[in-house]
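Trainee: Structure file entry.cif, mmCIF, C-alpha atoms, is pasted below:
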```
data_run
loop_
_atom_site.group_PDB
_atom_site.id
_atom_site.type_symbol
_atom_site.label_atom_id
_atom_site.label_comp_id
_atom_site.auth_asym_id
_atom_site.auth_seq_id
_atom_site.Cartn_x
_atom_site.Cartn_y
_atom_site.Cartn_z
ATOM 1 C CA MET A 1 149.644 53.561 71.845
ATOM 2 C CA ILE A 2 146.036 53.404 73.107
ATOM 3 C CA THR A 3 144.130 56.628 73.642
ATOM 4 C CA LYS A 4 141.868 56.707 76.612
ATOM 5 C CA PRO A 5 138.146 56.550 75.711
ATOM 6 C CA LEU A 6 135.739 59.310 76.705
ATOM 7 C CA PRO A 7 133.573 58.556 79.739
ATOM 8 C CA PRO A 8 130.222 57.006 78.726
ATOM 9 C CA GLU A 9 127.119 59.165 78.282
ATOM 10 C CA ILE A 10 125.101 59.891 81.447
ATOM 11 C CA ARG A 11 121.848 57.909 81.618
ATOM 12 C CA ASN A 12 118.450 57.942 83.360
ATOM 13 C CA ILE A 13 118.224 61.681 83.939
ATOM 14 C CA THR A 14 115.073 62.737 85.792
ATOM 15 C CA SER A 15 113.696 66.211 86.473
ATOM 16 C CA THR A 16 110.816 67.681 88.447
ATOM 17 C CA ASN A 17 107.871 69.869 87.407
ATOM 18 C CA ASP A 18 106.083 70.326 90.743
ATOM 19 C CA LEU A 19 108.457 72.355 92.928
ATOM 20 C CA PRO A 20 107.959 76.056 93.670
ATOM 21 C CA ARG A 21 110.639 78.085 91.865
ATOM 22 C CA ALA A 22 113.040 75.145 91.545
ATOM 23 C CA ILE A 23 113.825 72.150 89.323
ATOM 24 C CA THR A 24 115.576 69.126 90.831
ATOM 25 C CA LEU A 25 117.596 66.832 88.568
ATOM 26 C CA GLY A 26 118.802 63.311 89.314
ATOM 27 C CA TRP A 27 120.794 60.793 87.255
ATOM 28 C CA GLU A 28 122.546 57.448 87.338
ATOM 29 C CA ALA A 29 126.129 57.660 88.637
ATOM 30 C CA SER A 30 128.871 57.319 86.049
ATOM 31 C CA THR A 31 130.563 53.895 85.969
ATOM 32 C CA ILE A 32 134.092 55.248 85.431
ATOM 33 C CA LYS A 33 136.586 54.725 88.253
ATOM 34 C CA ASP A 34 138.387 58.073 87.913
ATOM 35 C CA LEU A 35 135.367 60.395 87.842
ATOM 36 C CA SER A 36 136.214 64.001 88.669
ATOM 37 C CA HIS A 37 132.808 65.709 88.397
ATOM 38 C CA TYR A 38 129.646 66.245 86.373
ATOM 39 C CA ASN A 39 128.822 69.247 84.211
ATOM 40 C CA ILE A 40 125.232 70.414 83.768
ATOM 41 C CA TYR A 41 124.237 72.323 80.652
ATOM 42 C CA ARG A 42 120.969 74.229 80.354
ATOM 43 C CA SER A 43 118.843 75.668 77.547
ATOM 44 C CA SER A 44 115.404 77.291 77.357
ATOM 45 C CA THR A 45 114.552 75.256 74.226
ATOM 46 C CA PRO A 46 115.078 71.524 73.537
ATOM 47 C CA ASN A 47 117.142 72.165 70.399
ATOM 48 C CA GLY A 48 118.760 75.418 71.486
ATOM 49 C CA SER A 49 122.372 75.937 72.451
ATOM 50 C CA PHE A 50 123.071 74.354 75.825
ATOM 51 C CA GLU A 51 125.108 76.719 77.993
ATOM 52 C CA TYR A 52 127.394 75.428 80.754
ATOM 53 C CA HIS A 53 125.452 75.922 84.007
ATOM 54 C CA VAL A 54 127.163 74.242 86.968
ATOM 55 C CA LYS A 55 129.827 71.696 87.994
ATOM 56 C CA LEU A 56 129.188 69.235 90.821
ATOM 57 C CA GLU A 57 130.246 65.930 92.296
ATOM 58 C CA SER A 58 126.877 64.493 93.406
ATOM 59 C CA THR A 59 124.210 62.842 91.223
ATOM 60 C CA SER A 60 121.501 65.380 92.013
ATOM 61 C CA PHE A 61 121.123 69.114 91.620
ATOM 62 C CA THR A 62 118.411 71.647 92.468
ATOM 63 C CA ASP A 63 118.250 74.598 90.085
ATOM 64 C CA THR A 64 116.753 77.616 91.889
ATOM 65 C CA ILE A 65 114.693 79.783 89.526
ATOM 66 C CA THR A 66 112.863 83.041 90.195
ATOM 67 C CA GLU A 67 109.864 82.404 87.906
ATOM 68 C CA ASP A 68 106.714 80.290 88.150
ATOM 69 C CA GLY A 69 105.937 77.882 85.300
ATOM 70 C CA LYS A 70 109.438 78.277 83.802
ATOM 71 C CA PHE A 71 110.706 75.431 81.568
ATOM 72 C CA TYR A 72 114.346 74.467 81.102
ATOM 73 C CA PHE A 73 116.071 71.638 79.235
ATOM 74 C CA TYR A 74 119.170 69.960 80.632
ATOM 75 C CA LYS A 75 122.057 67.804 79.424
ATOM 76 C CA ILE A 76 124.668 66.300 81.734
ATOM 77 C CA THR A 77 128.218 65.082 81.142
ATOM 78 C CA ALA A 78 130.784 63.155 83.190
ATOM 79 C CA VAL A 79 134.380 64.436 83.371
ATOM 80 C CA ASP A 80 137.299 62.214 84.424
ATOM 81 C CA LYS A 81 140.473 63.138 86.327
ATOM 82 C CA ASP A 82 142.296 63.782 83.022
ATOM 83 C CA GLY A 83 139.656 66.293 81.941
ATOM 84 C CA LEU A 84 138.061 64.024 79.338
ATOM 85 C CA GLU A 85 134.353 64.808 79.075
ATOM 86 C CA SER A 86 131.632 62.436 77.930
ATOM 87 C CA LEU A 87 129.313 63.420 75.111
ATOM 88 C CA LYS A 88 126.320 65.442 76.272
ATOM 89 C CA SER A 89 123.283 63.240 76.951
ATOM 90 C CA SER A 90 121.662 62.693 73.545
ATOM 91 C CA VAL A 91 118.157 63.557 74.750
ATOM 92 C CA ALA A 92 117.508 66.789 76.618
ATOM 93 C CA THR A 93 115.590 66.352 79.864
ATOM 94 C CA GLN A 94 112.797 68.867 80.410
ATOM 95 C CA GLY A 95 112.014 70.243 83.849
ATOM 96 C CA SER A 96 109.792 73.081 84.981
ATOM 97 C CA THR A 97 108.968 75.072 88.064
ATOM 98 C CA LEU A 98 105.470 74.860 89.489
ATOM 99 C CA SER A 99 103.063 76.969 87.425
ATOM 100 C CA LYS A 100 100.933 79.758 88.854
ATOM 101 C CA PRO A 101 97.523 78.628 90.156
ATOM 102 C CA GLN A 102 94.505 79.325 87.940
ATOM 103 C CA THR A 103 92.811 82.723 88.242
ATOM 104 C CA PRO A 104 89.444 82.656 90.069
ATOM 105 C CA ILE A 105 86.397 82.665 87.753
ATOM 106 C CA ALA A 106 82.773 83.908 87.666
ATOM 107 C CA TYR A 107 83.838 86.992 89.533
ATOM 108 C CA GLU A 108 81.180 89.582 90.413
ATOM 109 C CA GLY A 109 80.708 92.505 92.763
ATOM 110 C CA LYS A 110 78.066 94.992 93.871
ATOM 111 C CA VAL A 111 77.527 97.624 96.549
ATOM 112 C CA VAL A 112 74.879 96.748 99.160
ATOM 113 C CA ASN A 113 74.181 99.007 102.168
ATOM 114 C CA LYS A 114 77.425 101.003 101.756
ATOM 115 C CA THR A 115 79.469 97.782 101.579
ATOM 116 C CA ALA A 116 81.265 96.328 98.550
ATOM 117 C CA GLU A 117 80.372 92.624 98.220
ATOM 118 C CA LEU A 118 82.522 90.408 96.005
ATOM 119 C CA GLN A 119 82.142 86.746 95.172
ATOM 120 C CA TRP A 120 83.954 84.328 92.890
ATOM 121 C CA LYS A 121 84.478 80.641 92.161
ATOM 122 C CA ASN A 122 87.656 78.715 92.806
ATOM 123 C CA SER A 123 89.124 77.312 89.592
ATOM 124 C CA ASP A 124 92.176 75.503 91.016
ATOM 125 C CA PRO A 125 92.379 72.767 93.675
ATOM 126 C CA ARG A 126 95.818 74.124 94.660
ATOM 127 C CA ALA A 127 94.305 77.399 95.929
ATOM 128 C CA VAL A 128 94.441 77.618 99.742
ATOM 129 C CA SER A 129 93.575 81.306 100.047
ATOM 130 C CA TYR A 130 92.858 84.437 98.041
ATOM 131 C CA THR A 131 94.198 87.960 97.890
ATOM 132 C CA VAL A 132 91.956 90.916 97.074
ATOM 133 C CA VAL A 133 93.791 93.859 95.533
ATOM 134 C CA LYS A 134 91.795 96.994 96.338
ATOM 135 C CA THR A 135 92.694 100.118 94.382
ATOM 136 C CA THR A 136 91.206 103.456 95.450
ATOM 137 C CA LYS A 137 90.930 106.184 92.825
ATOM 138 C CA THR A 138 91.974 109.157 94.943
ATOM 139 C CA SER A 139 91.852 111.551 91.961
ATOM 140 C CA TRP A 140 91.689 111.397 88.160
ATOM 141 C CA ILE A 141 95.305 110.284 88.001
ATOM 142 C CA THR A 142 96.225 109.109 91.521
ATOM 143 C CA ARG A 143 95.496 105.599 92.727
ATOM 144 C CA GLU A 144 96.412 103.725 95.890
ATOM 145 C CA SER A 145 96.440 99.929 96.052
ATOM 146 C CA ILE A 146 96.461 97.596 99.038
ATOM 147 C CA ASP A 147 96.584 93.799 99.198
ATOM 148 C CA ILE A 148 94.120 92.101 101.534
ATOM 149 C CA ASN A 149 95.630 88.657 102.096
ATOM 150 C CA ASN A 150 94.684 85.281 103.595
ATOM 151 C CA ILE A 151 91.024 85.278 102.559
ATOM 152 C CA THR A 152 89.838 81.671 102.848
ATOM 153 C CA GLU A 153 86.242 82.059 101.601
ATOM 154 C CA THR A 154 85.165 82.802 98.021
ATOM 155 C CA THR A 155 83.409 85.980 99.186
ATOM 156 C CA PHE A 156 84.666 89.274 100.536
ATOM 157 C CA ARG A 157 82.863 92.245 102.108
ATOM 158 C CA ASP A 158 84.519 95.648 102.279
ATOM 159 C CA SER A 159 82.726 98.243 104.425
ATOM 160 C CA ASP A 160 85.728 100.584 104.313
ATOM 161 C CA ILE A 161 84.474 102.535 101.315
ATOM 162 C CA LYS A 162 83.564 106.199 100.957
ATOM 163 C CA PRO A 163 80.696 107.652 98.941
ATOM 164 C CA ASP A 164 81.366 108.979 95.432
ATOM 165 C CA THR A 165 84.785 107.278 95.284
ATOM 166 C CA GLY A 166 85.753 104.672 92.684
ATOM 167 C CA TYR A 167 87.249 101.372 93.858
ATOM 168 C CA LEU A 168 88.799 98.684 91.680
ATOM 169 C CA TYR A 169 88.922 95.118 92.963
ATOM 170 C CA GLU A 170 90.952 92.180 91.611
ATOM 171 C CA ILE A 171 91.147 88.641 93.048
ATOM 172 C CA LEU A 172 94.140 86.286 92.988
ATOM 173 C CA SER A 173 94.358 82.615 94.026
ATOM 174 C CA VAL A 174 97.293 81.719 96.300
ATOM 175 C CA ASP A 175 98.685 78.180 96.719
ATOM 176 C CA LYS A 176 100.392 76.659 99.785
ATOM 177 C CA ASN A 177 103.792 77.880 98.526
ATOM 178 C CA GLY A 178 102.588 81.474 98.320
ATOM 179 C CA ILE A 179 102.526 81.396 94.509
ATOM 180 C CA ARG A 180 99.883 83.848 93.291
ATOM 181 C CA SER A 181 97.736 83.488 90.183
ATOM 182 C CA LEU A 182 97.323 86.221 87.645
ATOM 183 C CA PRO A 183 94.573 88.631 88.809
ATOM 184 C CA THR A 184 90.996 88.628 87.602
ATOM 185 C CA GLU A 185 89.829 91.519 85.444
ATOM 186 C CA ALA A 186 89.381 94.552 87.687
ATOM 187 C CA ILE A 187 85.785 95.274 88.693
ATOM 188 C CA GLU A 188 84.919 98.895 89.490
ATOM 189 C CA LEU A 189 82.466 99.666 92.284
ATOM 190 C CA ARG A 190 81.252 102.912 93.810
ATOM 191 C CA TYR A 191 78.282 103.935 95.856
ATOM 192 C CA GLU A 192 76.607 107.245 95.285
ATOM 193 C CA ALA A 193 75.837 109.468 98.275
ATOM 194 C CA LYS A 194 72.111 110.099 98.282
#
```
Step by step, read the file and then write its structure as structure tokens.
Mentor:
Amino acid sequence: MITKPLPPEIRNITSTNDLPRAITLGWEASTIKDLSHYNIYRSSTPNGSFEYHVKLESTSFTDTITEDGKFYFYKITAVDKDGLESLKSSVATQGSTLSKPQTPIAYEGKVVNKTAELQWKNSDPRAVSYTVVKTTKTSWITRESIDINNITETTFRDSDIKPDTGYLYEILSVDKNGIRSLPTEAIELRYEAK
């Protein structure tokens, strides 16, 4: 009596690291004639325990992830019509989602003629615009924040400020996918009523 061999290990697994909030995997099709499906296993570390993630019949898969710059490691198996499963791929394939853009640098601000003037330097070629987060200190404990989006220059003027009121400003870079950087340190500006 001859026992049926396990399907061979899956080879040539590729993964992406440049997609916003997704990792796409691809691999060489199994050579077995009675293939049923593929199983994908995922782990957050290369030597961790690989949990079953998804079953599919094609040789590509896009893993949708809610975080930027998130790394995962994958192993893939082939399963035949009798339920025999190949060994997991011996080497884990690492993929990652697109990281956040770099935070703007050399950030400064001052009040000139009752207008807050901010300027900064771009630190990431991926940045296509900037968001200014303006927080108004309405009392000792109350604060209100608004996002001012789609700023394409590395300067910003805010004439909507009141005397003797504290304002905090933070800048974020935004890439073409809408991924936002971490904010700069907050800068506090106020102008004193004469």
Trainee: Using the chain letters and residue numbers of this document, give as a list in words the residues selected by the PyMOL selection byres ((chain A and resi 55) around 7).
Mentor: His37, Tyr38, Asn39, Ile40, Val54 and Leu56 of chain A
Trainee: Next, write the just-selected residues to a file, as a PDB file, in the coordinates of the input, keeping C-alpha atoms as the atom set.
Mentor:
```pdb
ATOM      1  CA  HIS A  37     132.808  65.709  88.397  1.00  0.00           C
ATOM      2  CA  TYR A  38     129.646  66.245  86.373  1.00  0.00           C
ATOM      3  CA  ASN A  39     128.822  69.247  84.211  1.00  0.00           C
ATOM      4  CA  ILE A  40     125.232  70.414  83.768  1.00  0.00           C
ATOM      5  CA  VAL A  54     127.163  74.242  86.968  1.00  0.00           C
ATOM      6  CA  LEU A  56     129.188  69.235  90.821  1.00  0.00           C
TER       7      LEU A  56
END
```
Trainee: Selected by the PyMOL selection byres ((chain A and resi 176) around 12) in the shown coordinates: which residues, as a list in words?
Mentor: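 Answer for the PyMOL selection byres ((chain A and resi 176) around 12): Leu19, Pro20, Leu98, Lys100, Pro101, Pro125, Arg126, Ala127, Val128, Ser129, Tyr130, Asn150, Ser173, Val174, Asp175, Asn177, Gly178, Ile179 and Arg180 of chain A.
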Trainee: Restricting it to C-alpha atoms, dump the selection as a PDB file, keeping the file's coordinate frame.
Mentor:
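File produced: selection.pdb:
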```
ATOM      1  CA  LEU A  19     108.457  72.355  92.928  1.00  0.00           C
ATOM      2  CA  PRO A  20     107.959  76.056  93.670  1.00  0.00           C
ATOM      3  CA  LEU A  98     105.470  74.860  89.489  1.00  0.00           C
ATOM      4  CA  LYS A 100     100.933  79.758  88.854  1.00  0.00           C
ATOM      5  CA  PRO A 101      97.523  78.628  90.156  1.00  0.00           C
ATOM      6  CA  PRO A 125      92.379  72.767  93.675  1.00  0.00           C
ATOM      7  CA  ARG A 126      95.818  74.124  94.660  1.00  0.00           C
ATOM      8  CA  ALA A 127      94.305  77.399  95.929  1.00  0.00           C
ATOM      9  CA  VAL A 128      94.441  77.618  99.742  1.00  0.00           C
ATOM     10  CA  SER A 129      93.575  81.306 100.047  1.00  0.00           C
ATOM     11  CA  TYR A 130      92.858  84.437  98.041  1.00  0.00           C
ATOM     12  CA  ASN A 150      94.684  85.281 103.595  1.00  0.00           C
ATOM     13  CA  SER A 173      94.358  82.615  94.026  1.00  0.00           C
ATOM     14  CA  VAL A 174      97.293  81.719  96.300  1.00  0.00           C
ATOM     15  CA  ASP A 175      98.685  78.180  96.719  1.00  0.00           C
ATOM     16  CA  ASN A 177     103.792  77.880  98.526  1.00  0.00           C
ATOM     17  CA  GLY A 178     102.588  81.474  98.320  1.00  0.00           C
ATOM     18  CA  ILE A 179     102.526  81.396  94.509  1.00  0.00           C
ATOM     19  CA  ARG A 180      99.883  83.848  93.291  1.00  0.00           C
TER      20      ARG A 180
END
```
Trainee: Go through A:Leu35, A:Ala193, A:Ile187, A:Ile161 one by one, measure the shortest atom-to-atom distance of each to A:Lys81 using all atoms listed in the file, and give the residue with the smallest value.
Mentor: A:Leu35
Trainee: Within 12 Å of (74.9, 93.3, 105.4) in the file's own coordinates, which protein, DNA or RNA residues have an atom, counting only C-alpha atoms? List them as a list in words.
Mentor: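 Every polymer residue passing the test: Val111, Val112, Asn113, Lys114, Thr115, Ala116, Glu117, Phe156, Arg157, Asp158 and Ser159 of chain A.
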Trainee: Smallest atom-to-atom distance to A:Asn12: which of A:Lys134, A:Lys33, A:Lys75, A:Lys70, using all atoms listed in the file?
Mentor: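 Among A:Lys134, A:Lys33, A:Lys75, A:Lys70, it is A:Lys75 that comes nearest to A:Asn12.
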Trainee: Under the rule that all atoms listed in the file are counted, which of A:Thr24, A:Asn122, A:Val79, A:Thr14 is the nearest residue to A:Ser36?
Mentor: A:Val79
Trainee: Please produce stretch 50-80 of chain A, completed to N, CA and C atoms, as a compact mmCIF listing (two decimals), in the frame of the given file.
Mentor:
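The file below, part-v5.txt, is the result:
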```txt
# COMPACT_ATOMS: atom_id res chain seq x y z
N PHE A 50 123.02 74.68 74.40
CA PHE A 50 123.07 74.35 75.82
C PHE A 50 124.29 75.03 76.44
N GLU A 51 124.03 75.97 77.34
CA GLU A 51 125.11 76.72 77.99
C GLU A 51 125.56 75.96 79.24
N TYR A 52 126.87 76.01 79.51
CA TYR A 52 127.39 75.43 80.75
C TYR A 52 126.70 76.12 81.92
N HIS A 53 126.22 75.34 82.90
CA HIS A 53 125.45 75.92 84.01
C HIS A 53 126.13 75.72 85.36
N VAL A 54 126.57 74.49 85.65
CA VAL A 54 127.16 74.24 86.97
C VAL A 54 127.99 72.95 86.93
N LYS A 55 128.98 72.88 87.83
CA LYS A 55 129.83 71.70 87.99
C LYS A 55 129.56 71.15 89.39
N LEU A 56 129.39 69.82 89.50
CA LEU A 56 129.19 69.24 90.82
C LEU A 56 129.62 67.78 90.87
N GLU A 57 129.74 67.29 92.10
CA GLU A 57 130.25 65.93 92.30
C GLU A 57 129.15 64.94 92.65
N SER A 58 127.96 65.41 93.03
CA SER A 58 126.88 64.49 93.41
C SER A 58 126.02 64.18 92.19
N THR A 59 125.08 63.23 92.34
CA THR A 59 124.21 62.84 91.22
C THR A 59 122.82 63.47 91.35
N SER A 60 122.76 64.62 92.00
CA SER A 60 121.50 65.38 92.01
C SER A 60 121.83 66.86 92.12
N PHE A 61 120.91 67.67 91.64
CA PHE A 61 121.12 69.11 91.62
C PHE A 61 119.77 69.80 91.64
N THR A 62 119.63 70.84 92.46
CA THR A 62 118.41 71.65 92.47
C THR A 62 118.73 73.02 91.90
N ASP A 63 118.07 73.33 90.79
CA ASP A 63 118.25 74.60 90.08
C ASP A 63 117.21 75.58 90.63
N THR A 64 117.67 76.62 91.32
CA THR A 64 116.75 77.62 91.89
C THR A 64 116.45 78.66 90.83
N ILE A 65 115.15 78.92 90.62
CA ILE A 65 114.69 79.78 89.53
C ILE A 65 113.70 80.78 90.12
N THR A 66 113.70 82.00 89.60
CA THR A 66 112.86 83.04 90.20
C THR A 66 111.47 83.14 89.58
N GLU A 67 111.16 82.29 88.59
CA GLU A 67 109.86 82.40 87.91
C GLU A 67 108.99 81.17 88.14
N ASP A 68 107.68 81.39 88.08
CA ASP A 68 106.71 80.29 88.15
C ASP A 68 106.44 79.78 86.74
N GLY A 69 106.27 78.45 86.60
CA GLY A 69 105.94 77.88 85.30
C GLY A 69 107.04 78.04 84.27
N LYS A 70 108.30 78.10 84.71
CA LYS A 70 109.44 78.28 83.80
C LYS A 70 109.98 76.91 83.39
N PHE A 71 110.17 76.69 82.10
CA PHE A 71 110.71 75.43 81.57
C PHE A 71 112.18 75.58 81.23
N TYR A 72 112.96 74.54 81.55
CA TYR A 72 114.35 74.47 81.10
C TYR A 72 114.62 73.05 80.62
N PHE A 73 115.63 72.93 79.75
CA PHE A 73 116.07 71.64 79.24
C PHE A 73 117.52 71.46 79.67
N TYR A 74 117.85 70.23 80.06
CA TYR A 74 119.17 69.96 80.63
C TYR A 74 119.86 68.82 79.92
N LYS A 75 121.19 68.92 79.85
CA LYS A 75 122.06 67.80 79.42
C LYS A 75 123.18 67.73 80.44
N ILE A 76 123.66 66.51 80.69
CA ILE A 76 124.67 66.30 81.73
C ILE A 76 125.82 65.49 81.15
N THR A 77 127.03 65.84 81.56
CA THR A 77 128.22 65.08 81.14
C THR A 77 129.01 64.64 82.37
N ALA A 78 129.82 63.60 82.16
CA ALA A 78 130.78 63.16 83.19
C ALA A 78 132.17 63.57 82.73
N VAL A 79 133.01 64.02 83.68
CA VAL A 79 134.38 64.44 83.37
C VAL A 79 135.32 63.62 84.25
N ASP A 80 136.37 63.02 83.63
CA ASP A 80 137.30 62.21 84.42
C ASP A 80 138.47 63.06 84.92
```
